[in-house]
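Novice: To start, I am sharing the structure in question, which I have written as structure tokens.
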Protein chains: 2
Amino acid sequence: MEPSLDTVFAALADPTRRAILTMLLEDDMAVTDVAEPFEISLAAISKHLTILAAAGLIAQEKRGRVKWCKLEPDALKAASVWMQGFGQFEPVNLDAFEAFLEQELGEDHA
Amino acid sequence: MEPSLDTVFAALADPTRRAILTMLLEDDMAVTDVAEPFEISLAAISKHLTILAAAGLIAQEKRGRVKWCKLEPDALKAASVWMQGFGQFEPVNLDAFEAFLEQELGEDHA
DNA sequence: TGAAAGGTCAACCGTTTGGTTGAATAAGGG
DNA sequence: CCCTTATTCAACCAAACGGTTGACCTTTCA
């Protein structure tokens, strides 16, 4: 079954999970490497990744003993479409997005 | 303090709350009228509205004994900007949005 | 004045969430 | 073969969530 708006929005509601998505924007990563910048346990990160995968926001592929995590940006499409119905916001504003990235990274990894 | 991405996404993660927002897209409504289509208690709806207000997604104004609820679509802007950074989705697709509305209304009020 | 309407508050309840720890499983490397 | 690395599993915990009910406050209006 394809992920619902419920699971997508719920996945995005956690700052750790949003930070993970932001990291994956740079490159695919192994679970251990995803966990490295955070102060919580590896098991906790593993759970977050499971939630992100259930929401369709990432894909996980096991190669050898390493499980690679890859961003799946299309999963955001349905949620984005839903939201845009309310606001008619100006089309993609990457400057504002960069500002958010800096703010979030500053908050979470301080 | 302005609402965080946390509170906005968490507010959007509940189908009842999304249905309420959709209803308010039509027109401003009193709390009792918001509650009418749902099968849960008025108190529960009142809590949902408090959460939506805390997220900045609606504004509530009391006139007489009636509390009016009004959509505040700008609150979606920050979240929308955040999401767009991932996908570069095509600009506003209202057809897709209409389809989602029908699906959600069909699910929640069946 | 007093009853009805509109909402919220407070206490409670079961379930989910986000975290922990320690053990278990699986795959390389020497 | 054994040790280490990579990751998940299982049990547990406190806090938050979504819901209920009943009491409560305020406004309207006959």
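Note on naming: chains are A, B, ... as they come in the structure tokens, residues start from 1 per chain, ligands start from 1 in the order shown.
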Which residues are close to Val66 (chain A), i.e. within 10 Å by only C-alpha atoms (C1' of nucleotides), leaving aside same-chain residues fewer than 6 positions away? Reply as a ChimeraX atom specification.
Specialist: /A:29-32 /C:27 /D:5-7
Novice: Kindly provide, as a list in words, the residues of chain B having any atom no farther than 6 Å from an atom of chain A, counting only C-alpha atoms.
Specialist: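 Therefore, the residues near the partner are Asp6, Phe9, Ala10, Ala13, Pro73, Val81, Trp82, Gly85, Phe86, Gly87, Pro91 and Phe97 of chain B.
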Novice: Could you please determine the separation between CA of Thr16 (chain A) and CA of Ser41 (chain A) in Å, to one decimal place?
Specialist: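 Spanning CA of Thr16 (chain A) to CA of Ser41 (chain A) is a straight-line distance of 12.3 Å.
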Novice: Would you mind listing, as a PyMOL selection string, all residues of chain A that have at least one atom within 12 Å of chain D, where only C-alpha atoms (C1' of nucleotides) are what counts?
Specialist: chain A and resi 30-33+35+42-47+49-50+62-68
Novice: By how many Å are CA of Ala55 (chain A) and CA of Leu24 (chain A) apart?
Specialist: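 Spanning CA of Ala55 (chain A) to CA of Leu24 (chain A) is a straight-line distance of 15.3 Å.
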Novice: If you run DSSP on this backbone, which residues of region 42-75 of chain B come out as strand (DSSP E), and could you give them as a list of chain:residue names?
Specialist: B:Ile58, B:Ala59, B:Gln60, B:Glu61, B:Lys62, B:Arg63, B:Val66, B:Lys67, B:Trp68, B:Cys69, B:Lys70, B:Leu71
Novice: Under the rule of at most 10 Å, produce a per-residue listing of chain C near chain A: chain, number, name, the closest pair of atoms, and the distance in Å, as a tab-separated table, using only C-alpha atoms (C1' of nucleotides).
Specialist:
residue	atom	partner	partner_atom	distance
C:DG18	C1'	A:Ala44	CA	7.7
C:DG19	C1'	A:Ala44	CA	6.8
C:DT20	C1'	A:Ser41	CA	8.0
C:DT21	C1'	A:Ser41	CA	9.8
C:DA26	C1'	A:Arg65	CA	6.9
C:DA27	C1'	A:Arg65	CA	5.1
C:DG28	C1'	A:Arg65	CA	7.9
Novice: Next, write the just-selected residues to a file, as a CSV table (one decimal), in the first residue's frame, keeping all heavy atoms as the atom set.
Specialist:
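Output file part25.csv follows:
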chain,number,residue,atom,x,y,z
C,18,DG,P,7.7,9.9,17.3
C,18,DG,OP1,7.5,11.3,16.8
C,18,DG,OP2,7.8,8.8,16.4
C,18,DG,O5',8.9,9.9,18.3
C,18,DG,C5',9.0,10.9,19.4
C,18,DG,C4',10.0,10.4,20.4
C,18,DG,O4',9.5,9.3,21.1
C,18,DG,C3',11.4,10.0,19.7
C,18,DG,O3',12.4,10.6,20.4
C,18,DG,C2',11.4,8.5,19.9
C,18,DG,C1',10.6,8.3,21.2
C,18,DG,N9,9.9,7.0,21.4
C,18,DG,C8,9.4,6.2,20.4
C,18,DG,N7,8.9,5.1,20.9
C,18,DG,C5,9.1,5.2,22.2
C,18,DG,C6,8.8,4.3,23.3
C,18,DG,O6,8.3,3.1,23.2
C,18,DG,N1,9.3,4.7,24.5
C,18,DG,C2,9.9,5.9,24.7
C,18,DG,N2,10.2,6.2,26.0
C,18,DG,N3,10.2,6.8,23.8
C,18,DG,C4,9.8,6.4,22.6
C,19,DG,P,13.9,10.5,19.8
C,19,DG,OP1,14.5,11.8,19.9
C,19,DG,OP2,13.9,9.8,18.5
C,19,DG,O5',14.7,9.5,20.8
C,19,DG,C5',14.9,9.9,22.1
C,19,DG,C4',14.9,8.8,23.1
C,19,DG,O4',13.7,8.0,23.0
C,19,DG,C3',16.0,7.7,23.0
C,19,DG,O3',17.2,8.2,23.5
C,19,DG,C2',15.4,6.7,23.9
C,19,DG,C1',13.9,6.9,23.8
C,19,DG,N9,13.2,5.7,23.2
C,19,DG,C8,12.9,5.6,21.9
C,19,DG,N7,12.3,4.4,21.6
C,19,DG,C5,12.3,3.8,22.9
C,19,DG,C6,11.8,2.5,23.2
C,19,DG,O6,11.3,1.7,22.5
C,19,DG,N1,12.0,2.2,24.6
C,19,DG,C2,12.6,3.1,25.5
C,19,DG,N2,12.8,2.6,26.7
C,19,DG,N3,13.1,4.3,25.1
C,19,DG,C4,12.9,4.6,23.8
C,20,DT,P,18.5,7.2,23.3
C,20,DT,OP1,19.7,8.0,23.6
C,20,DT,OP2,18.4,6.5,22.0
C,20,DT,O5',18.3,6.2,24.5
C,20,DT,C5',18.3,6.6,25.8
C,20,DT,C4',18.0,5.4,26.7
C,20,DT,O4',16.8,4.7,26.3
C,20,DT,C3',19.1,4.3,26.5
C,20,DT,O3',20.1,4.4,27.6
C,20,DT,C2',18.3,3.0,26.7
C,20,DT,C1',16.9,3.3,26.5
C,20,DT,N1,16.3,2.7,25.2
C,20,DT,C2,15.7,1.5,25.3
C,20,DT,O2,15.6,0.9,26.4
C,20,DT,N3,15.2,1.0,24.2
C,20,DT,C4,15.2,1.6,22.9
C,20,DT,O4,14.7,1.1,22.0
C,20,DT,C5,15.9,2.9,22.9
C,20,DT,C7,16.0,3.6,21.6
C,20,DT,C6,16.4,3.4,24.0
C,21,DT,P,21.5,3.7,27.4
C,21,DT,OP1,22.3,4.2,28.5
C,21,DT,OP2,21.9,3.8,26.0
C,21,DT,O5',21.1,2.2,27.6
C,21,DT,C5',20.7,1.7,28.9
C,21,DT,C4',20.3,0.3,28.8
C,21,DT,O4',19.3,0.1,27.8
C,21,DT,C3',21.5,-0.6,28.4
C,21,DT,O3',21.8,-1.5,29.5
C,21,DT,C2',21.0,-1.4,27.2
C,21,DT,C1',19.5,-1.1,27.1
C,21,DT,N1,19.0,-0.9,25.7
C,21,DT,C2,18.1,-1.8,25.2
C,21,DT,O2,17.7,-2.8,25.8
C,21,DT,N3,17.7,-1.5,23.9
C,21,DT,C4,18.0,-0.4,23.2
C,21,DT,O4,17.6,-0.3,22.0
C,21,DT,C5,19.0,0.5,23.8
C,21,DT,C7,19.5,1.7,23.1
C,21,DT,C6,19.4,0.2,25.0
C,26,DA,P,20.5,-14.3,10.5
C,26,DA,OP1,19.3,-14.4,9.6
C,26,DA,OP2,21.2,-15.6,11.0
C,26,DA,O5',21.6,-13.4,9.7
C,26,DA,C5',21.3,-12.1,9.5
C,26,DA,C4',22.4,-11.4,8.9
C,26,DA,O4',23.3,-10.9,9.9
C,26,DA,C3',23.3,-12.3,8.0
C,26,DA,O3',23.6,-11.6,6.9
C,26,DA,C2',24.5,-12.6,8.9
C,26,DA,C1',24.6,-11.3,9.6
C,26,DA,N9,25.3,-11.4,10.9
C,26,DA,C8,25.1,-12.4,11.9
C,26,DA,N7,25.9,-12.2,13.0
C,26,DA,C5,26.5,-11.0,12.7
C,26,DA,C6,27.4,-10.2,13.4
C,26,DA,N6,27.9,-10.5,14.6
C,26,DA,N1,27.9,-9.1,12.8
C,26,DA,C2,27.5,-8.7,11.6
C,26,DA,N3,26.6,-9.4,10.8
C,26,DA,C4,26.2,-10.5,11.4
C,27,DA,P,24.2,-12.2,5.5
C,27,DA,OP1,23.3,-11.8,4.4
C,27,DA,OP2,24.4,-13.7,5.8
C,27,DA,O5',25.5,-11.5,5.4
C,27,DA,C5',25.5,-10.0,5.4
C,27,DA,C4',26.9,-9.5,5.6
C,27,DA,O4',27.3,-9.7,7.0
C,27,DA,C3',27.9,-10.1,4.7
C,27,DA,O3',28.8,-9.1,4.2
C,27,DA,C2',28.7,-11.1,5.7
C,27,DA,C1',28.6,-10.3,6.9
C,27,DA,N9,28.7,-11.0,8.2
C,27,DA,C8,28.2,-12.2,8.5
C,27,DA,N7,28.5,-12.6,9.8
C,27,DA,C5,29.3,-11.6,10.2
C,27,DA,C6,30.0,-11.5,11.5
C,27,DA,N6,29.9,-12.3,12.5
C,27,DA,N1,30.7,-10.3,11.6
C,27,DA,C2,30.8,-9.5,10.6
C,27,DA,N3,30.2,-9.5,9.4
C,27,DA,C4,29.5,-10.6,9.3
C,28,DG,P,29.5,-9.1,2.8
C,28,DG,OP1,29.9,-7.7,2.5
C,28,DG,OP2,28.7,-9.9,1.9
C,28,DG,O5',30.9,-9.8,3.0
C,28,DG,C5',31.5,-9.8,4.3
C,28,DG,C4',32.3,-8.5,4.6
C,28,DG,O4',32.4,-8.4,6.0
C,28,DG,C3',33.7,-8.6,4.1
C,28,DG,O3',34.4,-7.3,4.2
C,28,DG,C2',34.3,-9.6,5.1
C,28,DG,C1',33.5,-9.2,6.4
C,28,DG,N9,33.1,-10.4,7.1
C,28,DG,C8,32.2,-11.3,6.7
C,28,DG,N7,32.0,-12.3,7.6
C,28,DG,C5,32.7,-11.9,8.7
C,28,DG,C6,32.9,-12.5,9.9
C,28,DG,O6,32.4,-13.5,10.4
C,28,DG,N1,33.8,-11.7,10.7
C,28,DG,C2,34.4,-10.6,10.3
C,28,DG,N2,35.2,-10.0,11.2
C,28,DG,N3,34.3,-10.0,9.2
C,28,DG,C4,33.4,-10.7,8.4
Novice: Between CA of Lys70 (chain B) and CA of Glu39 (chain B), what is the distance in Å, rounded to a tenth?
Specialist: 21.7 Å
